[in-house]
Amino acid sequence: MAFPWTLQRYIFRELGKTFLLTVVALTGVLGLGGGVLNMIKLGDATPEQLLRMMLLVLPISAALTLPIAALFSSAATYGRFSADNEFVACRSSGINMHVLFLPSVALSLFSAAVTFVLINFAIPGMVRNLNEFIGADLGTMIQRRLNRPRGLTLPGGYRVYADETTVDLGDANRISLHRVAYVKVDDGEWVGFGTARRVDLNVRRTESRIGVSAVMSGLSYYDRRTHQFLEEQQQTFPENEIPSLVPQKIKFLNLAELLARWRDPHDWLDVRKEVRQLRIGVGQWMVYGALLDDWLDGQELTLAGDGVQYVVRSARAFEPQETGFKLEDVVVREDRGGRRRSFSAKEAYLRVVGGRILAESGVQIELRDVRVTEGNRDTQRVKEKLGPVPIDEQVAANVAEMSPAELMAPTEGAGGVDPLAKKRAEVQDALGDTIREIKATVSERFAFSASAFVLVILGAVLGIIFRGAHTVTAFGISFVPSLFVIITIVMGKQMSQNAPTHLPGLLLMWSGILIVAGVDFWTLTRVLRR
């Protein structure tokens, strides 16, 4: 018998109409209704940006609705054919029943392919476009932050407020703040406040991050701890990262990026953050070791930089700890541009404080139970902080060049105990979590795409068996198997992200699809024939 092209075209047309209407309806409800927008931090978005975002979230909605729409249209179309006894007529005419499933197979393959492309490439690209919005109008975003009670935060505990923001017309990556006021906060306490003539922000953009460094000019500052008014011509702030409009997560990476992170997980931001903390810890330990060696050579050490010099003498020094380097019975001589002071303290702690990397950090001297002598005047204080002064550039350079493998080598501390063991364990945990999440995400995407194929076939078969021409019946036929597969995928992904249940989670993720595929085979070969 000739192939029933007319009948196939008819089924294709009915499937297509129901499929398109269902996709439009579900995509509109899920996307423009706000469900997808819940994943976006909208605090810094302008109304114009919000409107553009609503158009960009449609690929996310489509990726979620395509398999459901294909399943529903398949169940409804084939159920209507079965309810009208058209399949009985085809069988009576000698037409092979399985040939009539060609339209549903084609629709299932189309849905699976489009879903695969959307979740692996289109949606990650959309997320990247959303994050570009915040950089396209960075001046407006900064102005909105300046109007908040906390102001604009700069490294070192500075909260900045300004009356005016201007963007360089020749270079959008340069933004200036004018008529600036600021406060400095340390451990939740206001330690100083002042004004500045202007603050120049320099923006550095990468593919996934926006970093902002700052130069503050014309400072007038009151230090509450020393009760002194100070003036500085200029102060530089290291680069600070601006949060993304959509937070960086592994699930927002495209397939190529996922595979690249799988091969080299050290490049992922969570691992990079822990490695950076470990690098700072290793650098701190090297600085403390150098300070101890300096002290052992005459029970005296010298710290200098930025126009100030501190000569520290101590009767006793302790083995360096992760939290600092302790001295007892301390005398510190300060020389700041010809102005000299001396400090006598019961104990002192030398700590590395400051920036995101060691080169931006400095050594700070914290004195306890201290007497300050300046000229003929003595002042007794409970605590005094001096510095910070820059660390040795060679030490910073050596630490910056260390590979992750070198950083993971144990450090011998007091009593043979590795003082950085906890940081190294955190790096290992971040590596394990990242690799497991990448595997789970890749498996989830392939499983979700593959589920469209087996579910659409099952929907067509169940529509015939239950004569699901009615919308409620078709919805029930679509809902139950879809819910089962989605639950197994979601539960499997959650389990696979934990070390003890990683492999069982991956198996569970695919178990629902395999079960539905088995039901497809059974119904097509056994039940449908009856």
# chains A, B, ... in the order shown; residues from 1 in each chain; ligands from 1
>>> select_by_dssp(residues="stretch 139-314 of chain A", states="strand (DSSP E or B)", output="MDAnalysis selection string")
chainID A and resid 152:154 158:167 174:186 189:205 210:223 228:242 300:305 308:314
>>> select_by_dssp(residues="stretch 83-284 of chain A", states="alpha helix (DSSP H)", output="PyMOL selection string")
chain A and resi 83+86-92+102-117+123-136+138-146+255-263+269-284
>>> closest_residue(among="A:Ile435, A:Leu146, A:Val191, A:Val480", to="A:Asn498", atoms="only C-alpha atoms")
A:Ile435
>>> closest_residue(among="A:Asn147, A:Gln8, A:Thr411, A:Ser74", to="A:Leu102", atoms="only C-alpha atoms")
A:Gln8
>>> closest_residue(among="A:Leu524, A:Ala76, A:Ala69, A:Leu152", to="A:Val99", atoms="only C-alpha atoms")
A:Leu524
>>> atom_distance(atom1="atom CA of A:Arg91", atom2="atom CA of A:Trp522")
19.5 Å
